[in-house]
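Worksheet: one structure, shown below.
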Amino acid sequence: RLGTGTASSSTVLYGDQTYKAEPGGGKVGQVVTVTRTTKYQSNSASYTDMGGTHCTLTPAASTSKILIIVTWNYSGNNDDIYGKGFVDVDIGGAGFNFIGLGTGTLGSRTACSFTVDSGFTNNVGDHMYNASYSILHEPSTTSELKYRYGGYYAATSHWLGVNMTSNDTDTADTPRTSSSITAMEILA
C-alpha cells in the first residue's frame with residue numbers, strides 16, 4: 001500500500017502518504033495568439049492600434065489572470081524620434097481602456113517607450129526595430145475580452161510603420177516581418 005485514501009485519475013499521492021485531490025490554480029486555461037503579417041503605417045500623434053490586430057478570449061472563471069505578451073516590429077520616417085507603446089482591453093463590448101498602466105498623461109500610460117535611430121542616422125530607412133513587453137491583467141470577469149496593442153509618435157509630421165522599413169514600397173526590395181499579441185489565461 002502506498003497511502004490512505006482512494007487512488008484515482010483525479011487524486012495525487014502526497015508526501016504524507018495520503019491520496020488527495022490534485023492541486024488547482026496556476027494552470028494555463030487557454031492561449032490565443034493573433035499575428036499580423038501585413039504592413040501598417042500611421043502618422044497619428046495620439047495612440048492608435050496597429051491596424052485592428054485584436055486578440056479575443058473569454059475567461060473560464062472571474063478569478064483568472066490574463067498574461068498579455070506583445071512583440072512588434074516597427075520603423076519610422078525620421079531619425080531620433082521617440083514613441084510610446086500601449087496595450088488596452090475591451091471588456092464585454094464596453095470600449096477600450098488602457099491596462100496594467102497608470103492614468104494621466106500619455107507618458108504615464110505606456111507599456112514601453114521606443115526610439116528610431118540608435119546610431120543608424122545615415123540609413124534610417126533601411127532599418128526595422130523590435131519592441132516586446134508583457135502585462136498581467138486581472139479582469140475579474142467572465143465576459144469576452146478583446147486585447148489590442150499599438151503606439152504613437154509625438155508629431156503628425158512623422159509616421160510609425162509596423163512590419164516594414166520606412167523606405168518600404170510595394171515595389172521596393174526591402175524586408176518585412178510579422179508582429180503578434182498573445183493572451184494566456186492563468187487559472188486561479
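Labels for the C-alpha cells follow display order: chains A, B, ..., residues from 1 in each chain, ligands from 1.
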* May I have all residues of range 12-98 of chain A that DSSP, computed from the backbone, assigns to strand (DSSP E), given as a ChimeraX atom specification? => /A:12-13,19-21,28-36,40-42,48-57,65-76,81-91,96-98
* **Test item: residues at most 9 Å from Val31 in chain A, only C-alpha atoms, excluding those fewer than 2 positions along its chain, as a VMD selection string** => chain A and resid 28 to 29 33 57 182 to 185
* To do: Record the distance separating CA of Ser9 in chain A and CA of Leu187 in chain A, expressed in Å with one decimal.
  =>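 Taking CA of Ser9 in chain A as the start and CA of Leu187 in chain A as the end point, the length is 20.2 Å.
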* Counting only C-alpha atoms, the option among A:Asn163, A:Thr35, A:Thr4, A:Thr56 closest to Gly93 in chain A ->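 Looking only at the distances to Gly93 in chain A, the closest residue turns out to be A:Thr56.
Each of A:Thr177, A:Ser134, A:Ser62, A:Tyr152 was compared to Asp49 in chain A using only C-alpha atoms, and A:Tyr152 turns out to be the nearest.
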* To do: Would you mind reading off the distance between CA of Lys65 in chain A and CA of Asp90 in chain A, one decimal, in Å?
  => 15.4 Å
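The space separating CA of Lys39 in chain A from CA of Ser166 in chain A comes to 10.7 Å.
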